[in-house]
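Asks: Structure supplied as my_file_19.txt; contents: compact mmCIF, C-alpha atoms.
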# COMPACT_ATOMS: atom_id res chain seq x y z
CA MET A 1327 73.06 -60.30 37.76
CA PRO A 1328 75.01 -63.50 37.15
CA SER A 1329 77.07 -64.60 40.11
CA THR A 1330 80.84 -64.31 40.07
CA ASP A 1331 81.13 -68.08 40.37
CA ALA A 1332 78.83 -68.61 37.40
CA LEU A 1333 80.93 -66.20 35.32
CA LEU A 1334 84.18 -67.81 36.42
CA ALA A 1335 82.84 -71.20 35.38
CA GLU A 1336 82.27 -69.93 31.82
CA ILE A 1337 85.79 -68.59 31.31
CA PRO A 1338 87.41 -71.83 30.07
CA ARG A 1339 84.77 -72.26 27.37
CA LEU A 1340 85.07 -68.62 26.33
CA ARG A 1341 88.84 -68.95 26.15
CA ARG A 1342 88.63 -72.05 23.96
CA TYR A 1343 86.26 -70.37 21.53
CA ALA A 1344 88.26 -67.14 21.49
CA ARG A 1345 91.50 -69.05 20.89
CA ALA A 1346 90.03 -70.73 17.83
CA LEU A 1347 88.42 -67.50 16.64
CA THR A 1348 91.49 -65.27 16.87
CA GLY A 1349 94.24 -67.84 16.38
CA ASP A 1350 96.40 -66.15 19.02
CA ALA A 1351 96.50 -66.82 22.76
CA THR A 1352 97.01 -63.21 23.84
CA ARG A 1353 94.44 -61.76 21.48
CA ALA A 1354 92.06 -64.46 22.61
CA ASP A 1355 92.41 -63.56 26.27
CA ASP A 1356 92.10 -59.86 25.38
CA LEU A 1357 88.84 -60.72 23.66
CA VAL A 1358 87.61 -62.72 26.66
CA GLN A 1359 88.56 -59.90 29.02
CA ASP A 1360 86.82 -57.26 26.91
CA THR A 1361 83.80 -59.56 26.71
CA LEU A 1362 83.63 -60.03 30.47
CA GLU A 1363 84.03 -56.33 31.11
CA ARG A 1364 81.34 -55.44 28.60
CA ALA A 1365 79.06 -58.13 29.98
CA LEU A 1366 79.47 -56.76 33.49
CA ASN A 1367 78.74 -53.25 32.25
CA LYS A 1368 75.62 -54.46 30.48
CA TRP A 1369 74.47 -56.99 33.01
CA ARG A 1370 71.13 -55.20 33.27
CA LEU A 1371 70.40 -56.51 29.79
CA TRP A 1372 70.89 -60.06 30.97
CA ARG A 1373 67.79 -62.11 31.62
CA PRO A 1374 68.24 -65.22 33.73
CA GLY A 1375 68.64 -68.00 31.25
CA ASN A 1376 71.52 -69.22 29.20
CA LEU A 1377 74.55 -67.37 30.55
CA ARG A 1378 76.94 -69.00 28.09
CA ASN A 1379 74.97 -67.93 25.05
CA TRP A 1380 74.60 -64.42 26.40
CA LEU A 1381 78.37 -64.22 26.85
CA LEU A 1382 78.94 -65.62 23.36
CA THR A 1383 76.56 -62.99 21.98
CA THR A 1384 78.52 -60.31 23.83
CA MET A 1385 81.76 -61.75 22.48
CA HIS A 1386 80.37 -61.61 18.96
CA HIS A 1387 79.71 -57.89 19.34
CA VAL A 1388 83.14 -57.23 20.82
CA PHE A 1389 84.78 -59.29 18.11
CA ILE A 1390 83.15 -57.55 15.16
CA ASN A 1391 83.82 -54.16 16.77
CA GLN A 1392 87.47 -55.07 17.03
CA LEU A 1393 87.59 -56.20 13.44
CA ALA A 1394 86.04 -52.93 12.37
CA THR A 1395 88.43 -50.91 14.52
CA GLU A 1396 91.51 -52.75 13.45
CA ASN A 1397 90.27 -52.78 9.89
CA ARG A 1398 91.86 -56.18 9.70
CA LEU A 1399 89.17 -58.02 7.90
CA GLN A 1400 85.98 -57.24 6.15
CA TYR A 1401 83.21 -58.74 8.14
CA ARG A 1402 80.57 -59.65 5.63
CA ASP A 1403 79.10 -62.67 4.08
CA ALA A 1404 81.52 -64.18 1.65
CA ALA A 1405 78.69 -64.64 -0.81
CA GLU A 1406 79.33 -61.03 -1.75
CA LEU A 1407 83.00 -61.68 -2.37
CA PRO A 1408 84.57 -63.30 -5.38
CA GLU A 1409 85.64 -66.86 -4.71
CA THR A 1410 89.35 -67.09 -4.18
CA PRO A 1411 91.02 -70.28 -5.27
CA VAL A 1412 92.47 -72.34 -2.47
CA ALA A 1413 96.09 -73.25 -2.95
CA PRO A 1414 96.80 -76.95 -2.53
CA THR A 1415 98.88 -77.66 0.51
CA GLN A 1416 102.41 -78.93 0.38
CA GLY A 1417 104.00 -82.10 1.59
CA ASP A 1418 102.17 -84.74 3.50
CA GLY A 1419 99.31 -82.56 4.58
CA LEU A 1420 98.63 -80.19 7.41
CA ALA A 1421 99.12 -81.40 10.90
CA LEU A 1422 96.57 -80.78 13.62
CA ARG A 1423 98.33 -77.62 14.70
CA ASP A 1424 97.78 -76.18 11.27
CA LEU A 1425 94.04 -76.33 11.67
CA GLY A 1426 94.40 -73.04 13.50
CA ARG A 1427 96.13 -71.51 10.50
CA ALA A 1428 93.53 -72.85 8.11
CA LEU A 1429 90.78 -71.36 10.27
CA GLN A 1430 92.38 -67.95 10.03
CA ALA A 1431 92.23 -68.24 6.26
CA LEU A 1432 88.44 -68.36 6.46
CA PRO A 1433 86.42 -65.16 6.40
CA ALA A 1434 85.63 -64.16 9.98
CA ASP A 1435 81.88 -64.54 9.59
CA GLN A 1436 82.24 -68.09 8.30
CA ARG A 1437 84.79 -68.95 10.99
CA GLU A 1438 82.40 -67.82 13.72
CA ILE A 1439 79.58 -70.05 12.52
CA LEU A 1440 81.84 -73.03 11.93
CA LEU A 1441 83.18 -72.75 15.49
CA LEU A 1442 79.84 -72.13 17.17
CA VAL A 1443 78.49 -75.28 15.53
CA GLY A 1444 81.55 -77.51 15.26
CA LEU A 1445 83.44 -76.58 18.42
CA GLU A 1446 80.82 -75.12 20.75
CA ASP A 1447 78.27 -77.76 19.65
CA LEU A 1448 75.47 -75.21 19.50
CA SER A 1449 72.32 -75.77 17.50
CA TYR A 1450 71.88 -73.84 14.27
CA GLU A 1451 69.13 -71.79 15.95
CA GLU A 1452 71.41 -70.85 18.85
CA ALA A 1453 74.21 -69.87 16.45
CA ALA A 1454 71.74 -67.73 14.50
CA ARG A 1455 70.64 -65.90 17.65
CA ILE A 1456 74.20 -65.32 18.85
CA VAL A 1457 75.35 -63.82 15.57
CA GLY A 1458 72.01 -62.14 14.87
CA ILE A 1459 71.34 -63.65 11.45
CA PRO A 1460 68.53 -65.79 10.02
CA PRO A 1461 68.93 -69.57 10.33
CA GLY A 1462 69.16 -69.86 6.56
CA THR A 1463 72.24 -67.65 6.57
CA VAL A 1464 73.79 -69.86 9.24
CA MET A 1465 73.42 -72.83 6.92
CA SER A 1466 74.93 -71.04 3.94
CA ARG A 1467 77.88 -69.75 5.96
CA LEU A 1468 78.41 -73.17 7.46
CA SER A 1469 78.36 -74.74 4.03
CA ARG A 1470 80.91 -72.29 2.66
CA ALA A 1471 83.11 -72.62 5.72
CA ARG A 1472 83.16 -76.40 5.59
CA GLY A 1473 83.82 -76.49 1.87
CA ARG A 1474 86.63 -73.99 2.13
CA LEU A 1475 88.19 -75.58 5.19
CA ARG A 1476 88.10 -78.95 3.49
CA GLY A 1477 90.01 -77.45 0.60
CA LEU A 1478 92.55 -75.88 2.94
CA LEU A 1479 93.08 -79.07 4.84
CA ALA A 1480 93.07 -81.38 1.84
CA GLU A 1481 96.20 -83.41 1.80
CA GLY A 1482 98.51 -83.47 -1.17
CA GLU A 1483 96.30 -83.67 -4.17
CA ALA A 1484 94.12 -80.72 -4.97
CA LEU A 1485 90.59 -81.65 -4.17
CA PRO A 1486 87.81 -79.63 -5.69
CA ALA A 1487 87.13 -76.80 -3.29
CA HIS A 1488 83.42 -77.21 -3.76
CA LEU A 1489 81.55 -80.41 -3.89
CA LYS A 1490 78.31 -80.10 -5.63
CA ILE A 1491 75.64 -81.24 -3.30
CA VAL A 1492 72.15 -81.75 -4.53
CA LYS A 1493 69.51 -79.71 -2.84
CA MET B 1392 55.88 -93.59 2.07
CA LYS B 1393 58.66 -92.05 0.08
CA PRO B 1394 61.05 -90.01 2.26
CA ALA B 1395 61.36 -86.26 1.68
CA PRO B 1396 64.25 -85.30 -0.61
CA ILE B 1397 67.59 -84.98 1.15
CA SER B 1398 68.59 -81.33 1.48
CA GLU B 1399 71.98 -79.87 2.20
CA ASP B 1400 70.66 -78.83 5.62
CA ASP B 1401 70.01 -82.52 6.30
CA LEU B 1402 73.61 -83.29 5.45
CA HIS B 1403 74.96 -80.70 7.87
CA ALA B 1404 72.58 -81.90 10.54
CA TRP B 1405 73.80 -85.44 9.93
CA ALA B 1406 77.43 -84.36 10.26
CA ASP B 1407 76.61 -82.51 13.49
CA GLY B 1408 74.63 -85.42 14.92
CA ARG B 1409 71.43 -83.40 15.02
CA LEU B 1410 69.03 -85.67 13.14
CA GLU B 1411 66.47 -87.83 14.84
CA ALA B 1412 66.74 -91.56 14.16
CA THR B 1413 64.28 -91.88 11.28
CA ARG B 1414 65.68 -89.04 9.26
CA ARG B 1415 69.21 -90.16 10.02
CA ALA B 1416 68.47 -93.59 8.55
CA GLU B 1417 67.02 -91.97 5.44
CA VAL B 1418 70.06 -89.77 4.99
CA GLU B 1419 72.39 -92.72 5.47
CA ALA B 1420 70.51 -94.75 2.89
CA TRP B 1421 70.87 -91.84 0.48
CA LEU B 1422 74.56 -91.44 1.26
CA ALA B 1423 75.16 -95.12 0.47
CA GLU B 1424 74.26 -94.29 -3.12
CA HIS B 1425 76.15 -90.97 -3.24
CA PRO B 1426 79.79 -91.67 -2.40
CA GLN B 1427 81.03 -88.21 -3.33
CA GLU B 1428 78.71 -86.52 -0.85
CA ALA B 1429 79.46 -89.22 1.70
CA ALA B 1430 83.16 -88.33 1.43
CA ALA B 1431 82.35 -84.65 1.99
CA LEU B 1432 80.35 -85.50 5.09
CA ALA B 1433 83.13 -87.65 6.47
CA ALA B 1434 85.43 -84.65 6.02
CA TRP B 1435 83.00 -82.36 7.84
CA ARG B 1436 82.77 -84.75 10.74
CA GLN B 1437 86.53 -84.92 10.84
CA GLN B 1438 86.68 -81.12 10.94
CA ASN B 1439 84.55 -81.11 14.08
CA ALA B 1440 86.74 -83.78 15.65
CA ARG B 1441 89.88 -81.82 14.77
CA LEU B 1442 88.46 -78.63 16.23
CA HIS B 1443 87.95 -80.40 19.53
CA ALA B 1444 91.32 -82.14 19.41
CA THR B 1445 93.08 -78.85 18.73
CA PHE B 1446 91.25 -76.52 21.09
CA ASP B 1447 89.88 -78.64 23.92
CA PRO B 1448 93.25 -78.50 25.72
CA VAL B 1449 92.51 -74.80 26.35
CA LEU B 1450 89.76 -75.92 28.72
CA ALA B 1451 92.34 -77.49 31.03
CA GLU B 1452 94.56 -74.39 31.18
CA ALA B 1453 94.63 -72.32 34.36
CA VAL B 1454 92.45 -69.24 34.01
CA PRO B 1455 94.77 -66.21 33.81
CA ALA B 1456 94.62 -63.93 36.83
CA ARG B 1457 93.56 -60.98 34.69
CA LEU B 1458 90.40 -62.78 33.61
CA ARG B 1459 89.56 -63.73 37.16
CA ALA B 1460 90.14 -60.07 38.05
CA ALA B 1461 87.85 -58.95 35.23
CA VAL B 1462 85.04 -61.03 36.70
CA ALA B 1463 85.76 -59.73 40.19
CA GLY B 1464 85.62 -56.22 38.66
CA GLU B 1465 81.88 -56.14 39.22
CA ARG B 1466 82.67 -55.34 42.83
CA TRP B 1467 83.89 -51.85 42.23
CA ARG B 1468 81.32 -50.86 39.70
CA PRO B 1469 78.58 -48.49 40.86
CA PRO B 1470 77.26 -49.62 44.21
CA ARG B 1471 74.46 -51.96 43.47
CA ALA B 1472 75.21 -55.27 45.12
CA ALA B 1473 76.20 -55.85 48.69
CA ALA B 1474 79.48 -57.11 47.30
CA ALA B 1475 80.34 -53.51 46.47
CA LEU B 1476 80.67 -52.63 50.13
CA GLY B 1477 84.13 -54.09 50.48
CA TRP B 1478 85.45 -51.93 47.72
CA LEU B 1479 83.65 -48.89 49.01
CA ALA B 1480 85.54 -49.38 52.22
CA LEU B 1481 88.79 -49.50 50.29
CA GLY B 1482 87.78 -46.35 48.46
CA ALA B 1483 87.19 -44.63 51.77
CA VAL B 1484 90.68 -45.55 52.87
CA LEU B 1485 92.08 -44.22 49.63
CA GLY B 1486 90.13 -40.99 50.01
CA ALA B 1487 91.23 -40.59 53.60
CA MET B 1488 94.80 -41.14 52.51
CA TRP B 1489 94.63 -38.37 49.95
CA ASN B 1490 92.96 -36.00 52.35
CA ALA B 1491 95.12 -36.79 55.34
CA PRO B 1492 96.93 -33.77 56.85
CA GLY B 1493 100.13 -35.76 56.66
CA TRP B 1494 99.89 -35.62 52.89
CA ASN B 1495 99.51 -31.85 52.82
CA ALA B 1496 102.32 -31.30 55.29
CA PRO B 1497 104.67 -34.20 54.83
CA GLY B 1498 107.08 -32.98 57.48
CA GLY B 1499 104.45 -32.58 60.15
CA ALA B 1500 104.12 -35.01 62.98
CA ARG B 1501 100.34 -34.78 63.08
CA HIS B 1502 98.37 -37.58 61.52
CA ALA B 1503 94.71 -37.99 60.94
CA ASP B 1504 94.97 -41.36 62.58
CA ASP B 1505 96.91 -40.39 65.67
CA HIS B 1506 94.76 -42.83 67.54
CA ALA B 1507 96.28 -45.68 65.53
CA GLN B 1508 98.75 -47.86 67.34
CA PRO B 1509 102.02 -45.92 67.08
CA ALA B 1510 103.97 -49.16 67.27
CA ASP B 1511 102.56 -50.26 63.96
CA ALA B 1512 104.23 -48.18 61.33
CA LEU B 1513 102.61 -50.19 58.58
CA ILE B 1514 98.97 -49.76 59.36
CA GLY B 1515 97.09 -49.38 56.12
CA LEU B 1516 100.01 -50.53 54.01
CA PRO B 1517 98.51 -53.81 52.81
CA ARG B 1518 95.33 -52.00 51.79
CA ARG B 1519 97.21 -49.37 49.84
CA ALA B 1520 99.28 -52.04 48.15
CA ALA B 1521 96.18 -54.10 47.37
CA ILE B 1522 94.42 -51.06 45.89
CA ALA B 1523 97.43 -50.32 43.70
CA HIS B 1524 97.50 -53.98 42.66
CA ALA B 1525 93.77 -54.05 41.93
CA VAL B 1526 94.01 -50.89 39.85
CA TYR B 1527 97.05 -51.67 37.73
CA ALA B 1528 97.49 -55.43 37.54
CA PRO B 1529 94.44 -55.97 35.27
CA GLU B 1530 95.59 -53.16 32.98
CA GLN B 1531 96.20 -54.37 29.46
CA ARG B 1532 97.49 -51.40 27.53
CA HIS B 1533 99.45 -49.58 30.23
CA PRO B 1534 100.27 -51.94 33.09
CA VAL B 1535 103.56 -50.10 33.67
CA GLU B 1536 104.89 -46.64 32.89
CA VAL B 1537 108.41 -47.75 32.09
CA GLY B 1538 108.98 -51.23 30.75
CA ALA B 1539 111.60 -53.75 31.76
CA ASP B 1540 113.36 -53.19 28.44
CA ASN B 1541 114.39 -49.87 29.95
CA GLU B 1542 115.21 -51.23 33.38
CA GLN B 1543 118.22 -49.03 34.03
CA HIS B 1544 116.21 -45.89 33.48
CA LEU B 1545 113.30 -47.28 35.47
CA VAL B 1546 115.44 -47.98 38.53
CA ALA B 1547 117.31 -44.68 38.31
CA TRP B 1548 114.09 -42.70 37.96
CA LEU B 1549 112.21 -44.35 40.80
CA SER B 1550 115.29 -44.31 43.04
CA LYS B 1551 115.57 -40.57 42.50
CA ARG B 1552 111.90 -39.98 43.27
CA LEU B 1553 111.93 -42.14 46.40
CA GLY B 1554 115.25 -40.74 47.52
CA THR B 1555 116.93 -44.07 48.00
CA PRO B 1556 118.73 -46.49 45.71
CA LEU B 1557 116.13 -49.11 44.81
CA ARG B 1558 116.90 -52.65 43.91
CA VAL B 1559 114.62 -54.69 41.71
CA PRO B 1560 114.39 -58.33 42.73
CA GLU B 1561 115.20 -60.94 40.13
CA LEU B 1562 112.47 -63.60 40.21
CA GLY B 1563 113.26 -65.58 37.08
CA ALA B 1564 114.01 -68.67 39.13
CA LEU B 1565 110.40 -68.61 40.29
CA GLY B 1566 109.07 -68.08 36.79
CA TYR B 1567 108.32 -64.38 37.15
CA HIS B 1568 109.81 -61.72 34.94
CA LEU B 1569 109.86 -57.98 35.43
CA MET B 1570 107.36 -56.15 33.24
CA GLY B 1571 108.34 -52.71 34.46
CA GLY B 1572 107.24 -50.20 37.03
CA ARG B 1573 105.43 -47.00 37.79
CA LEU B 1574 105.44 -44.07 40.15
CA LEU B 1575 102.60 -44.01 42.67
CA ALA B 1576 101.21 -41.54 45.14
CA ALA B 1577 101.89 -43.30 48.43
CA GLU B 1578 100.87 -42.08 51.82
CA ALA B 1579 103.90 -39.98 52.67
CA GLY B 1580 104.98 -39.05 49.18
CA PRO B 1581 106.19 -40.93 46.13
CA GLY B 1582 105.93 -44.68 45.99
CA ALA B 1583 106.91 -47.21 43.39
CA GLN B 1584 105.22 -50.28 41.99
CA PHE B 1585 107.10 -52.97 40.10
CA MET B 1586 105.08 -55.51 38.17
CA TYR B 1587 106.03 -59.05 37.24
CA ASP B 1588 104.27 -61.75 35.29
CA ASN B 1589 104.79 -65.41 34.56
CA ALA B 1590 104.17 -67.55 31.50
CA ALA B 1591 100.56 -68.09 32.56
CA GLY B 1592 100.01 -64.31 32.57
CA GLU B 1593 99.67 -64.17 36.36
CA ARG B 1594 100.85 -60.85 37.69
CA LEU B 1595 102.28 -59.79 40.99
CA THR B 1596 103.27 -56.34 42.15
CA LEU B 1597 105.88 -55.10 44.57
CA TYR B 1598 104.93 -51.84 46.26
CA VAL B 1599 107.67 -49.71 47.82
CA SER B 1600 107.20 -46.51 49.75
CA ALA B 1601 108.83 -44.48 52.43
CA ALA B 1602 107.33 -45.31 55.79
CA ARG B 1603 105.14 -42.51 57.13
CA SER B 1604 106.81 -39.35 58.30
CA GLY B 1605 107.64 -39.64 61.95
CA ASP B 1606 108.24 -43.35 61.44
CA THR B 1607 111.44 -43.14 59.50
CA ALA B 1608 113.11 -45.66 61.74
CA ALA B 1609 110.25 -48.06 61.20
CA SER B 1610 111.40 -51.59 60.91
CA LEU B 1611 109.40 -54.75 60.73
CA PRO B 1612 111.93 -57.28 59.64
CA SER B 1613 109.53 -60.19 59.59
CA PHE B 1614 106.70 -60.73 57.16
CA ARG B 1615 103.15 -59.96 57.83
CA PHE B 1616 100.32 -61.26 55.76
CA ALA B 1617 96.99 -59.74 54.89
CA GLU B 1618 94.27 -60.55 52.46
CA GLU B 1619 92.32 -57.70 50.93
CA GLU B 1620 89.37 -58.65 48.75
CA GLY B 1621 91.00 -61.74 47.36
CA ILE B 1622 94.43 -60.17 46.98
CA SER B 1623 97.16 -61.71 49.09
CA VAL B 1624 99.69 -59.23 50.48
CA PHE B 1625 102.95 -59.96 52.26
CA TYR B 1626 104.47 -56.82 53.78
CA TRP B 1627 107.38 -55.73 55.86
CA ALA B 1628 109.55 -52.69 56.52
CA GLU B 1629 113.23 -52.04 56.69
CA ASN B 1630 115.36 -48.91 57.07
CA GLY B 1631 112.44 -46.57 56.81
CA PHE B 1632 110.94 -48.16 53.74
CA ALA B 1633 107.84 -50.25 53.52
CA TYR B 1634 107.46 -53.10 51.07
CA ALA B 1635 104.40 -55.07 50.06
CA LEU B 1636 104.11 -57.92 47.58
CA SER B 1637 100.60 -58.45 46.20
CA ALA B 1638 99.00 -61.04 43.94
CA ARG B 1639 95.61 -62.56 43.39
CA GLN B 1640 96.90 -65.91 44.53
CA PRO B 1641 96.61 -68.07 47.61
CA ARG B 1642 98.94 -67.29 50.48
CA ALA B 1643 100.89 -70.51 50.07
CA ALA B 1644 101.59 -69.79 46.40
CA LEU B 1645 102.86 -66.27 47.09
CA LEU B 1646 104.96 -67.11 50.13
CA PRO B 1647 108.04 -68.46 48.29
CA VAL B 1648 108.03 -65.37 46.06
CA ALA B 1649 107.77 -63.07 49.07
CA ASP B 1650 110.63 -64.92 50.68
CA ALA B 1651 112.81 -64.46 47.60
CA VAL B 1652 111.96 -60.76 47.36
CA TYR B 1653 112.69 -60.23 51.02
CA ARG B 1654 116.06 -61.96 50.84
CA GLN B 1655 117.10 -59.97 47.80
CA LEU B 1656 116.08 -56.64 49.30
CA ALA B 1657 117.65 -57.31 52.70
CA PRO B 1658 120.62 -55.02 53.32
Would you mind writing the file out in structure tokens?
Replies:
Amino acid sequence: MPSTDALLAEIPRLRRYARALTGDATRADDLVQDTLERALNKWRLWRPGNLRNWLLTTMHHVFINQLATENRLQYRDAAELPETPVAPTQGDGLALRDLGRALQALPADQREILLLVGLEDLSYEEAARIVGIPPGTVMSRLSRARGRLRGLLAEGEALPAHLKIVK
Amino acid sequence: MKPAPISEDDLHAWADGRLEATRRAEVEAWLAEHPQEAAALAAWRQQNARLHATFDPVLAEAVPARLRAAVAGERWRPPRAAAALGWLALGAVLGAMWNAPGWNAPGGARHADDHAQPADALIGLPRRAAIAHAVYAPEQRHPVEVGADNEQHLVAWLSKRLGTPLRVPELGALGYHLMGGRLLAAEAGPGAQFMYDNAAGERLTLYVSAARSGDTAASLPSFRFAEEEGISVFYWAENGFAYALSARQPRAALLPVADAVYRQLAP
């Protein structure tokens, strides 16, 4: 079982990720707490190795369970959803603090991948294992998330939400 | 040799700094001729930088006490590790407390622990307070029974149950605000627990109970300090009532709060 000190050392990283994922400090810490409690209940499933990724995997399960329970958001690949146009932003663009708001406008499954890669600096393979999807799906979610976020953050003029990129 | 065609996966890997040098050079050569895609990639890189700029400050925040408590929670899960022993000992105390003859016959003078030093009216108090803290302070949904928004009712109710007018210390000057309180089963009858938290989400609890029957004149006007499984407890007694202030904080951090509570509760 992971040592208490090892778990304590992971809490700041978990809190950062949860803050970005939920967009709310209290909900984020609730998510971290539920994750730690679940991890401690399931510690028999842990194999010595990457503790952080195991905790992130646990957090993914807790997170999607919460979404399902709260019925807040549909957790599914946005490829199945119609594209919604992104409204151009007002004024002189979104400040840094509004990045959090823009993130919340992303579908949860895209937000997760964007944060695992862009904030947690995980490899695409690690992100795929944590969320339990094929690597190809990671790339498509990442692509949608980045395109959509770029649209949300675009300053002033309405940029095309999707840039055609040659395969 | 002609390089492999540039795929979108290559572009993401470039933005995330995950390409080895050769491929990176090939992608950059391609980007030089594709300004529209180059602009998209610059935006992706900036997204990563903004994510860090916005959320990295969380790393420097103090870890809330409830999360530290959640990690420590492994100790009272089914006995598996040696670390569980400490909490088993606490559980034994709790069990003994519930089964003590004094509980079944509150007016009786007999105690299960007659061998305990009669001079110390507060034996076991810090443990009971620490158990109550460990049980309720990490609670998210129901940390208190009656919230501070209903303080008047809270104080009237608990005062009635404890049979004495209770006062609730005001700790705003120290950054702590009353969350509310609950009724507890203390050793000699009803007890009360008031819970406070600060802006960082750190919680402390004030435990109040009648001193044990036969010790109604108990008085211990100076503080004592105990540490029970990482929980600091300052405790004292006055006019037949025992008080204990508990928090998962170092002694030095809790001392000024204990001092303020003591002064406010002093007759």
Asks: Given a cut-off of 6 Å, which residues of chain A touch chain B, counting all atoms listed in the file, written out as a PyMOL selection string?
Replies: chain A and resi 1338+1342+1359+1444-1445+1493
Asks: Mind giving me the straight-line distance from CA of Leu1549 in chain B to CA of Met1586 in chain B in Å, one decimal?
Replies: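 It comes out at 13.5 Å.
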Asks: Smallest atom-to-atom distance to Leu1595 in chain B: which of B:Leu1422, B:Ala1521, B:Leu1656, B:Val1537, using all atoms listed in the file?
Replies: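 Between B:Leu1422, B:Ala1521, B:Leu1656, B:Val1537, the residue approaching Leu1595 in chain B most closely is B:Ala1521.
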Asks: Can you tell me, as an mmCIF file with C-alpha atoms, in the coordinates of the input, which residues sit within 9 Å of (86.6, -72.7, 13.9) in the file's frame, using all atoms listed in the file?
Replies:
data_model
loop_
_atom_site.group_PDB
_atom_site.id
_atom_site.type_symbol
_atom_site.label_atom_id
_atom_site.label_comp_id
_atom_site.auth_asym_id
_atom_site.auth_seq_id
_atom_site.Cartn_x
_atom_site.Cartn_y
_atom_site.Cartn_z
ATOM 1 C CA TYR A 1343 86.260 -70.370 21.530
ATOM 2 C CA ALA A 1346 90.030 -70.730 17.830
ATOM 3 C CA LEU A 1347 88.420 -67.500 16.640
ATOM 4 C CA LEU A 1425 94.040 -76.330 11.670
ATOM 5 C CA GLY A 1426 94.400 -73.040 13.500
ATOM 6 C CA LEU A 1429 90.780 -71.360 10.270
ATOM 7 C CA GLN A 1430 92.380 -67.950 10.030
ATOM 8 C CA LEU A 1432 88.440 -68.360 6.460
ATOM 9 C CA GLN A 1436 82.240 -68.090 8.300
ATOM 10 C CA ARG A 1437 84.790 -68.950 10.990
ATOM 11 C CA GLU A 1438 82.400 -67.820 13.720
ATOM 12 C CA ILE A 1439 79.580 -70.050 12.520
ATOM 13 C CA LEU A 1440 81.840 -73.030 11.930
ATOM 14 C CA LEU A 1441 83.180 -72.750 15.490
ATOM 15 C CA LEU A 1442 79.840 -72.130 17.170
ATOM 16 C CA VAL A 1443 78.490 -75.280 15.530
ATOM 17 C CA GLY A 1444 81.550 -77.510 15.260
ATOM 18 C CA LEU A 1445 83.440 -76.580 18.420
ATOM 19 C CA ALA A 1471 83.110 -72.620 5.720
ATOM 20 C CA GLN B 1438 86.680 -81.120 10.940
ATOM 21 C CA ASN B 1439 84.550 -81.110 14.080
ATOM 22 C CA LEU B 1442 88.460 -78.630 16.230
#
Asks: How many Å separate CA of Leu1575 in chain B from CA of Ala1651 in chain B?
Replies: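 Straight-line distance from CA of Leu1575 in chain B to CA of Ala1651 in chain B works out to 23.4 Å.
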Asks: Is it possible to get the residues within 10 Å of (99.9, -66.8, 52.2) (coordinates as in the file, counting only C-alpha atoms) written as a list in words?
Replies: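 Residues lying no farther than 10 Å from the given point: Arg1615, Phe1616, Ala1617, Glu1618, Ser1623, Val1624, Phe1625, Gln1640, Pro1641, Arg1642, Ala1643, Ala1644, Leu1645, Leu1646, Pro1647 and Ala1649 of chain B.
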Asks: Which residues are close to Arg1341 in chain A, i.e. within 7 Å by all atoms listed in the file, leaving aside same-chain residues fewer than 2 positions away? Reply as a short mmCIF file (atom, residue, chain, number, x, y, z; two decimals) with C-alpha atoms, in the coordinates of the input.
Replies:
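That gives us part.cif:
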data_model
loop_
_atom_site.label_atom_id
_atom_site.label_comp_id
_atom_site.auth_asym_id
_atom_site.auth_seq_id
_atom_site.Cartn_x
_atom_site.Cartn_y
_atom_site.Cartn_z
CA ILE A 1337 85.79 -68.59 31.31
CA PRO A 1338 87.41 -71.83 30.07
CA ARG A 1339 84.77 -72.26 27.37
CA TYR A 1343 86.26 -70.37 21.53
CA ALA A 1344 88.26 -67.14 21.49
CA ARG A 1345 91.50 -69.05 20.89
CA ALA A 1354 92.06 -64.46 22.61
CA ASP A 1355 92.41 -63.56 26.27
CA VAL A 1358 87.61 -62.72 26.66
CA VAL B 1449 92.51 -74.80 26.35
#
Asks: When distances are computed from all atoms listed in the file, which of A:Met1465, A:Ile1390, A:Ala1365, A:Leu1448 shows the smallest separation from Asp1435 in chain A?
Replies: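 Distance minimum relative to Asp1435 in chain A lands on A:Ile1390.
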Asks: Could you tell me how far CA of Ala1635 in chain B sits from CA of Asp1356 in chain A, in Å to one decimal place?
Replies: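 Separating CA of Asp1356 in chain A from CA of Ala1635 in chain B is a distance of 28.0 Å.
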Asks: With only C-alpha atoms as the atoms that count, which of B:Thr1596, B:Ala1525, B:Trp1421, B:Leu1562 lies nearest to Glu1620 in chain B?
Replies: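 Among B:Thr1596, B:Ala1525, B:Trp1421, B:Leu1562, it is B:Ala1525 that comes nearest to Glu1620 in chain B.
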Asks: Tell me, as a ChimeraX atom specification, which residues lie within 9 Å of Leu1333 in chain A, counting all atoms listed in the file; anything in the same chain fewer than 5 positions away does not count.
Replies: /A:1328,1362,1377-1378 /B:1462
Asks: Using only C-alpha atoms, please write the residues we just selected to a file, as a PDB file, in the coordinates of the input.
Replies:
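Resulting contents of part.pdb:
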ATOM      1  CA  PRO A1328      75.010 -63.500  37.150  1.00  0.00           C
ATOM      2  CA  LEU A1362      83.630 -60.030  30.470  1.00  0.00           C
ATOM      3  CA  LEU A1377      74.550 -67.370  30.550  1.00  0.00           C
ATOM      4  CA  ARG A1378      76.940 -69.000  28.090  1.00  0.00           C
TER       5      ARG A1378
ATOM      6  CA  VAL B1462      85.040 -61.030  36.700  1.00  0.00           C
TER       7      VAL B1462
END
Asks: Report the centre and edge lengths, in Å to one decimal, of an axis-aligned box enclosing every atom of range 1457-1461 of chain B listed in the file, padded by 8 Å on each side, as JSON.
Replies:
{"center_x": 90.7, "center_y": -61.3, "center_z": 35.8, "size_x": 21.7, "size_y": 20.8, "size_z": 20.4}
